[in-house]
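Engineer: Structure supplied as final_12.txt; contents: compact mmCIF, C-alpha atoms.
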# COMPACT_ATOMS: atom_id res chain seq x y z
CA GLY A 1 -7.22 4.20 -22.84
CA ALA A 2 -4.40 2.04 -21.57
CA VAL A 3 -5.62 -0.94 -19.60
CA VAL A 4 -3.69 -3.15 -17.22
CA SER A 5 -5.24 -6.34 -15.91
CA GLN A 6 -4.24 -8.60 -13.05
CA HIS A 7 -5.12 -12.20 -12.40
CA PRO A 8 -6.32 -13.42 -10.05
CA SER A 9 -8.12 -10.55 -8.33
CA TRP A 10 -7.92 -12.42 -5.07
CA VAL A 11 -6.33 -15.64 -3.88
CA ILE A 12 -6.18 -17.61 -0.65
CA CYS A 13 -3.33 -20.04 -0.18
CA LYS A 14 -1.86 -22.15 2.57
CA SER A 15 1.36 -21.28 4.31
CA GLY A 16 4.37 -22.76 2.53
CA THR A 17 2.86 -22.82 -0.93
CA SER A 18 3.71 -20.56 -3.85
CA VAL A 19 1.37 -18.19 -5.62
CA LYS A 20 1.72 -16.61 -9.06
CA ILE A 21 0.12 -13.29 -9.96
CA GLU A 22 -0.12 -12.18 -13.58
CA CYS A 23 -0.05 -8.62 -14.86
CA ARG A 24 -0.97 -7.86 -18.46
CA SER A 25 -1.01 -4.70 -20.52
CA LEU A 26 -4.00 -5.19 -22.78
CA ASP A 27 -3.64 -2.50 -25.41
CA PHE A 28 -0.07 -1.28 -25.28
CA GLN A 29 3.46 -2.55 -25.04
CA ALA A 30 4.86 -2.33 -21.55
CA THR A 31 8.62 -2.02 -21.71
CA THR A 32 8.73 -1.52 -17.96
CA MET A 33 6.53 -3.00 -15.27
CA PHE A 34 6.44 -2.25 -11.57
CA TRP A 35 5.22 -4.30 -8.63
CA TYR A 36 3.87 -2.68 -5.49
CA ARG A 37 2.63 -4.07 -2.21
CA GLN A 38 0.11 -2.39 0.06
CA PHE A 39 -0.74 -3.37 3.62
CA PRO A 40 -4.03 -2.27 5.20
CA LYS A 41 -4.24 1.48 5.87
CA GLN A 42 -0.79 2.02 4.39
CA SER A 43 0.49 3.50 1.17
CA LEU A 44 1.82 1.59 -1.81
CA MET A 45 5.36 0.35 -1.42
CA LEU A 46 7.40 -0.28 -4.55
CA MET A 47 8.86 -3.77 -4.54
CA ALA A 48 10.63 -4.06 -7.86
CA THR A 49 11.00 -2.74 -11.38
CA SER A 50 11.32 -5.02 -14.36
CA ASN A 51 12.23 -4.30 -17.93
CA GLU A 52 11.20 -6.70 -20.65
CA GLY A 53 13.80 -9.38 -21.16
CA SER A 54 15.93 -8.30 -18.20
CA LYS A 55 16.23 -9.25 -14.58
CA ALA A 56 14.13 -7.27 -12.16
CA THR A 57 15.61 -4.58 -9.94
CA TYR A 58 14.42 -4.98 -6.36
CA GLU A 59 13.99 -2.21 -3.82
CA GLN A 60 15.99 -2.36 -0.65
CA GLY A 61 14.61 -4.85 1.82
CA VAL A 62 12.66 -6.90 -0.74
CA GLU A 63 13.85 -10.50 -0.99
CA LYS A 64 14.41 -11.36 -4.63
CA ASP A 65 14.41 -15.10 -3.95
CA LYS A 66 11.03 -14.86 -2.30
CA PHE A 67 9.35 -12.58 -4.80
CA LEU A 68 10.24 -13.91 -8.23
CA ILE A 69 9.47 -11.56 -11.09
CA ASN A 70 9.42 -12.53 -14.73
CA HIS A 71 8.85 -10.07 -17.57
CA ALA A 72 9.26 -12.29 -20.59
CA SER A 73 7.12 -10.34 -23.02
CA LEU A 74 6.01 -6.77 -23.67
CA THR A 75 2.54 -7.51 -22.37
CA LEU A 76 3.05 -9.88 -19.45
CA SER A 77 4.84 -9.82 -16.13
CA THR A 78 4.41 -12.31 -13.33
CA LEU A 79 5.10 -12.11 -9.61
CA THR A 80 5.52 -15.40 -7.78
CA VAL A 81 5.41 -15.35 -4.00
CA THR A 82 7.38 -18.43 -3.01
CA SER A 83 6.85 -20.30 0.26
CA ALA A 84 4.20 -17.81 1.28
CA HIS A 85 3.64 -17.02 4.94
CA PRO A 86 0.81 -15.13 6.67
CA GLU A 87 2.93 -11.96 6.81
CA ASP A 88 2.95 -11.97 2.98
CA SER A 89 -0.79 -11.39 3.01
CA SER A 90 -1.23 -8.08 1.26
CA PHE A 91 -2.65 -6.23 -1.73
CA TYR A 92 -0.29 -6.59 -4.69
CA ILE A 93 -0.57 -4.04 -7.48
CA CYS A 94 1.26 -3.97 -10.76
CA SER A 95 1.87 -1.00 -12.98
CA ALA A 96 3.01 -0.83 -16.57
CA ARG A 97 4.64 1.92 -18.55
CA ASP A 98 3.89 2.42 -22.20
CA GLY A 99 7.27 2.34 -23.84
CA THR A 100 5.97 3.82 -27.07
CA SER A 101 4.38 6.81 -25.43
CA ALA A 102 6.35 10.03 -25.24
CA SER A 103 4.85 10.73 -21.85
CA TYR A 104 6.13 7.49 -20.27
CA GLU A 105 2.96 7.29 -18.23
CA GLN A 106 2.33 4.48 -15.79
CA TYR A 107 -0.95 2.64 -15.72
CA PHE A 108 -2.03 0.56 -12.77
CA GLY A 109 -3.77 -2.76 -12.53
CA PRO A 110 -6.74 -3.35 -10.22
CA GLY A 111 -4.66 -5.25 -7.67
CA THR A 112 -4.59 -8.79 -6.30
CA ARG A 113 -5.58 -9.53 -2.71
CA LEU A 114 -3.41 -12.34 -1.31
CA THR A 115 -4.38 -14.07 1.91
CA VAL A 116 -2.06 -16.70 3.33
CA THR A 117 -3.58 -18.95 5.96
CA ASP B 1 12.86 12.69 -6.25
CA ALA B 2 11.56 15.53 -4.09
CA LYS B 3 9.43 14.73 -1.06
CA THR B 4 5.88 15.93 -0.71
CA THR B 5 3.75 16.89 2.28
CA GLN B 6 -0.02 16.50 2.25
CA PRO B 7 -2.69 16.80 4.94
CA THR B 8 -3.71 13.44 6.35
CA SER B 9 -7.39 13.88 5.62
CA MET B 10 -10.01 16.33 4.38
CA ASP B 11 -13.77 16.47 4.17
CA CYS B 12 -15.77 18.04 1.37
CA ALA B 13 -19.48 18.51 0.81
CA GLU B 14 -20.94 16.85 -2.24
CA GLY B 15 -21.24 19.25 -5.14
CA ARG B 16 -18.65 21.64 -3.76
CA ALA B 17 -15.11 22.06 -4.99
CA ALA B 18 -12.48 19.95 -3.27
CA ASN B 19 -9.10 21.67 -2.97
CA LEU B 20 -6.26 19.34 -2.02
CA PRO B 21 -2.94 21.01 -1.19
CA CYS B 22 0.54 19.59 -1.58
CA ASN B 23 3.88 21.04 -0.50
CA HIS B 24 7.00 20.16 -2.45
CA SER B 25 9.48 22.81 -1.38
CA THR B 26 12.55 20.87 -2.56
CA ILE B 27 11.29 20.31 -6.09
CA SER B 28 13.91 20.74 -8.78
CA GLY B 29 13.52 22.35 -12.17
CA ASN B 30 13.06 19.14 -14.15
CA GLU B 31 10.58 17.50 -11.78
CA TYR B 32 6.89 17.24 -12.52
CA VAL B 33 3.98 17.21 -10.08
CA TYR B 34 1.72 14.17 -10.51
CA TRP B 35 -1.58 13.39 -8.85
CA TYR B 36 -3.06 9.92 -8.52
CA ARG B 37 -5.96 8.68 -6.48
CA GLN B 38 -6.85 5.30 -5.07
CA ILE B 39 -10.38 4.29 -4.35
CA HIS B 40 -10.68 1.64 -1.68
CA SER B 41 -9.33 -1.78 -2.75
CA GLN B 42 -8.53 -0.63 -6.28
CA GLY B 43 -5.35 0.26 -8.14
CA PRO B 44 -4.28 3.91 -8.34
CA GLN B 45 -5.80 6.06 -11.05
CA TYR B 46 -3.91 8.83 -12.83
CA ILE B 47 -5.55 12.24 -12.48
CA ILE B 48 -3.28 14.95 -13.84
CA HIS B 49 0.27 16.20 -13.95
CA GLY B 50 2.12 19.43 -14.66
CA LEU B 51 5.49 21.14 -14.67
CA LYS B 52 4.99 24.88 -14.30
CA ASN B 53 1.72 25.95 -15.84
CA ASN B 54 -1.70 25.26 -14.49
CA GLU B 55 -3.34 22.25 -16.10
CA THR B 56 -6.94 21.17 -16.53
CA ASN B 57 -8.53 18.02 -17.83
CA GLU B 58 -11.91 16.35 -17.58
CA MET B 59 -11.22 15.17 -14.05
CA ALA B 60 -9.50 18.05 -12.30
CA SER B 61 -7.41 21.18 -12.36
CA LEU B 62 -3.87 21.51 -11.11
CA ILE B 63 -2.65 24.85 -9.82
CA ILE B 64 1.11 25.17 -9.31
CA THR B 65 2.51 28.20 -7.52
CA GLU B 66 4.96 30.39 -9.35
CA ASP B 67 7.88 29.21 -7.22
CA ARG B 68 6.69 25.62 -7.75
CA LYS B 69 7.02 24.83 -4.07
CA SER B 70 3.39 23.89 -3.68
CA SER B 71 0.37 22.91 -5.72
CA THR B 72 -3.35 22.38 -5.35
CA LEU B 73 -5.51 19.75 -6.97
CA ILE B 74 -9.04 20.96 -7.55
CA LEU B 75 -12.02 18.69 -8.12
CA PRO B 76 -14.58 21.27 -9.23
CA HIS B 77 -17.76 19.46 -8.22
CA ALA B 78 -16.97 16.63 -5.86
CA THR B 79 -19.24 13.60 -5.81
CA LEU B 80 -19.45 10.69 -3.39
CA ARG B 81 -17.47 8.62 -5.90
CA ASP B 82 -14.52 10.97 -5.46
CA THR B 83 -13.98 9.66 -1.93
CA ALA B 84 -10.47 8.20 -2.13
CA VAL B 85 -6.85 8.63 -1.09
CA TYR B 86 -5.17 11.29 -3.21
CA TYR B 87 -1.43 11.09 -3.77
CA CYS B 88 0.76 14.00 -4.82
CA ILE B 89 4.02 12.75 -6.30
CA VAL B 90 6.98 14.68 -7.62
CA ARG B 91 9.25 12.96 -10.07
CA LYS B 92 11.43 13.48 -13.07
CA ASN B 93 9.71 12.74 -16.31
CA MET B 94 10.83 11.30 -19.60
CA GLU B 95 13.44 9.10 -18.01
CA TYR B 96 13.82 5.47 -18.74
CA GLY B 97 13.49 3.41 -15.60
CA ASN B 98 11.94 6.23 -13.62
CA LYS B 99 9.50 5.10 -10.96
CA LEU B 100 6.58 6.45 -8.96
CA VAL B 101 7.09 6.50 -5.22
CA PHE B 102 3.94 6.99 -3.16
CA GLY B 103 3.74 8.90 0.11
CA ALA B 104 0.93 8.72 2.63
CA GLY B 105 -1.53 10.80 0.60
CA THR B 106 -4.67 12.65 1.67
CA ILE B 107 -7.87 10.80 2.52
CA LEU B 108 -10.68 12.81 0.94
CA ARG B 109 -14.16 12.11 2.26
CA VAL B 110 -16.98 13.57 0.23
CA LYS B 111 -20.14 13.80 2.29
CA SER B 112 -23.74 14.30 1.26
Show this structure as structure tokens.

Structural biologist:
Amino acid sequence: GAVVSQHPSWVICKSGTSVKIECRSLDFQATTMFWYRQFPKQSLMLMATSNEGSKATYEQGVEKDKFLINHASLTLSTLTVTSAHPEDSSFYICSARDGTSASYEQYFGPGTRLTVT
Amino acid sequence: DAKTTQPTSMDCAEGRAANLPCNHSTISGNEYVYWYRQIHSQGPQYIIHGLKNNETNEMASLIITEDRKSSTLILPHATLRDTAVYYCIVRKNMEYGNKLVFGAGTILRVKS
């Protein structure tokens, strides 16, 4: 089945530094990737949608200059949290859609736990 | 996309069927009903989806009412590993750029 991986699975960084999270589709081509954020005891919140080779589309209220998304290839998207602060501590989950599948299904990665100290 | 309403939480005895309801009274004709679940600290997992007819796969069954305003996800023999948050999502399918928007979901606790 379709597999999406994320790296790292968890990361601790100091306030003010930047952190990059990778999302890879391992056995399919992901024409579209999605980034979600989830705070404790809350549901997933969609942050942005990115199509390969294009700029990401951010949801309302998500700062595009703070959360930099790059989707340079059909198997890799990255999310960079710039100048991270403690309030950015969260569970970040990516999702990829198989562009060659007629069902346009989305497959989710295992998530990355970010802790900013 | 249409909104959904789910109970906040449910309990189920291990080995029994778990029936998770979802209301989607404003669903439109070209919108599908999707179910995902999220086990603690993991990414969501696709379970099943359907348009009008009932669907069954190796994980679950999906029963959609004739008027399509509600549906029920059935886990036929719940195990402790089925304890998770279950999300019912209604969305248009087969559209480029379409996205999944998650609501609060139902916390299912399977107890021995």

Engineer: How big is the axis-aligned box around all listed atoms of stretch 88-93 of chain B once 8 Å goes on each side, and where's its centre, in Å to one decimal, as lines of an AutoDock Vina configuration file?

Structural biologist:
center_x = 6.1
center_y = 13.7
center_z = -10.6
size_x = 26.7
size_y = 17.9
size_z = 27.5

Engineer: Show me, as CSV, the residues of stretch 6-102 of chain A having an atom within 8 Å of stretch 112-117 of chain A, each with the closest atom pair and its distance in Å, using all atoms listed in the file.

Structural biologist:
residue,atom,partner,partner_atom,distance
A:Gln6,CA,A:Thr112,CA,6.8
A:His7,CA,A:Thr112,CA,7.0
A:Pro8,CA,A:Thr112,CA,6.2
A:Ser9,CA,A:Thr112,CA,4.4
A:Trp10,CA,A:Arg113,CA,4.4
A:Val11,CA,A:Leu114,CA,5.1
A:Ile12,CA,A:Thr115,CA,4.7
A:Cys13,CA,A:Val116,CA,5.0
A:Lys14,CA,A:Thr117,CA,5.0
A:Ser15,CA,A:Thr117,CA,5.7
A:Ile21,CA,A:Thr112,CA,7.5
A:Ala84,CA,A:Val116,CA,6.7
A:His85,CA,A:Val116,CA,5.9
A:Pro86,CA,A:Val116,CA,4.7
A:Glu87,CA,A:Val116,CA,7.7
A:Asp88,CA,A:Val116,CA,6.9
A:Ser89,CA,A:Thr115,CA,4.6
A:Ser90,CA,A:Leu114,CA,5.4
A:Phe91,CA,A:Arg113,CA,4.5
A:Tyr92,CA,A:Thr112,CA,5.1
A:Ile93,CA,A:Thr112,CA,6.3

Engineer: Distance limit 7 Å, atoms considered: all atoms listed in the file. Which chain B residues sit that close to chain A? Return them as a ChimeraX atom specification.

Structural biologist: /B:42-45,94,101-104

Engineer: Considering all atoms listed in the file, can you say which of A:Arg24, A:Ser54, A:Val3, A:Phe39 comes closest to A:Ile69?

Structural biologist: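 Looking only at the distances to A:Ile69, the closest residue turns out to be A:Ser54.
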
Engineer: Quick check, in Å to one decimal: how far apart do atom CA of B:Pro21 and atom CA of B:Ser41 lie?

Structural biologist: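 So the answer is 23.7 Å.
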
Engineer: Applying 8 Å and only C-alpha atoms, which residues near B:Cys12 remain after dropping the ones on its own chain fewer than 4 positions away? List them as a list in words.

Structural biologist: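 The neighbour list is Arg16, Ala17, Ala18, Ala78, Leu108, Arg109, Val110 and Lys111 of chain B.
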
Engineer: Contacts of B:Ile107 at 8 Å or less, counting all atoms listed in the file, minus same-chain residues fewer than 6 places along, as a ChimeraX atom specification?

Structural biologist: /B:8-10,83-86

Engineer: Leaving out B:Tyr32 and any residue of its chain fewer than 2 positions from it, which residues lie within 7 Å of it when counting only C-alpha atoms, given as a list in words?

Structural biologist: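 Once the adjacent positions are removed, what remains is Asn30, Tyr34, His49, Gly50, Leu51, Val90, Arg91, Lys92 and Asn93 of chain B.
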
Engineer: Could you write out the selected residues, including C-alpha atoms, as an mmCIF file, keeping the file's coordinate frame?

Structural biologist:
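Once everything was written out, this is part_29.cif:
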data_model
loop_
_atom_site.group_PDB
_atom_site.id
_atom_site.type_symbol
_atom_site.label_atom_id
_atom_site.label_comp_id
_atom_site.auth_asym_id
_atom_site.auth_seq_id
_atom_site.Cartn_x
_atom_site.Cartn_y
_atom_site.Cartn_z
ATOM 1 C CA ASN B 30 13.060 19.140 -14.150
ATOM 2 C CA TYR B 34 1.720 14.170 -10.510
ATOM 3 C CA HIS B 49 0.270 16.200 -13.950
ATOM 4 C CA GLY B 50 2.120 19.430 -14.660
ATOM 5 C CA LEU B 51 5.490 21.140 -14.670
ATOM 6 C CA VAL B 90 6.980 14.680 -7.620
ATOM 7 C CA ARG B 91 9.250 12.960 -10.070
ATOM 8 C CA LYS B 92 11.430 13.480 -13.070
ATOM 9 C CA ASN B 93 9.710 12.740 -16.310
#

Engineer: Write out as a PyMOL selection string which residues come within 12 Å of B:Glu58 when counting all atoms listed in the file, dropping same-chain ones fewer than 4 positions away.

Structural biologist: chain B and resi 46-48+62+74-77

Engineer: Which neighbours of A:Lys64 fall inside 10 Å, counting all atoms listed in the file, when residues of the same chain fewer than 6 positions from it are skipped, and could you give them as a ChimeraX atom specification?

Structural biologist: /A:47-48,56-58,81

Engineer: Got time to write the residues from that selection, C-alpha atoms, as an mmCIF file, in the coordinates of the input?

Structural biologist:
data_model
loop_
_atom_site.group_PDB
_atom_site.id
_atom_site.type_symbol
_atom_site.label_atom_id
_atom_site.label_comp_id
_atom_site.auth_asym_id
_atom_site.auth_seq_id
_atom_site.Cartn_x
_atom_site.Cartn_y
_atom_site.Cartn_z
ATOM 1 C CA MET A 47 8.860 -3.770 -4.540
ATOM 2 C CA ALA A 48 10.630 -4.060 -7.860
ATOM 3 C CA ALA A 56 14.130 -7.270 -12.160
ATOM 4 C CA THR A 57 15.610 -4.580 -9.940
ATOM 5 C CA TYR A 58 14.420 -4.980 -6.360
ATOM 6 C CA VAL A 81 5.410 -15.350 -4.000
#

Engineer: Separation of atom CA of A:Glu22 and atom CA of A:Thr80, in Å?

Structural biologist: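 Going from atom CA of A:Glu22 over to atom CA of A:Thr80 covers 8.7 Å.
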
Engineer: What does the structure give for the distance between atom CA of A:Ala30 and atom CA of B:Glu55, in Å to one decimal?

Structural biologist: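 Interatomic distance, atom CA of A:Ala30 to atom CA of B:Glu55: 26.5 Å.
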
Engineer: Using all atoms listed in the file for the distances, tell me which of A:Ser83, A:Phe28, A:Gly53, A:Ser18 is nearest to A:Asn70.

Structural biologist: A:Gly53
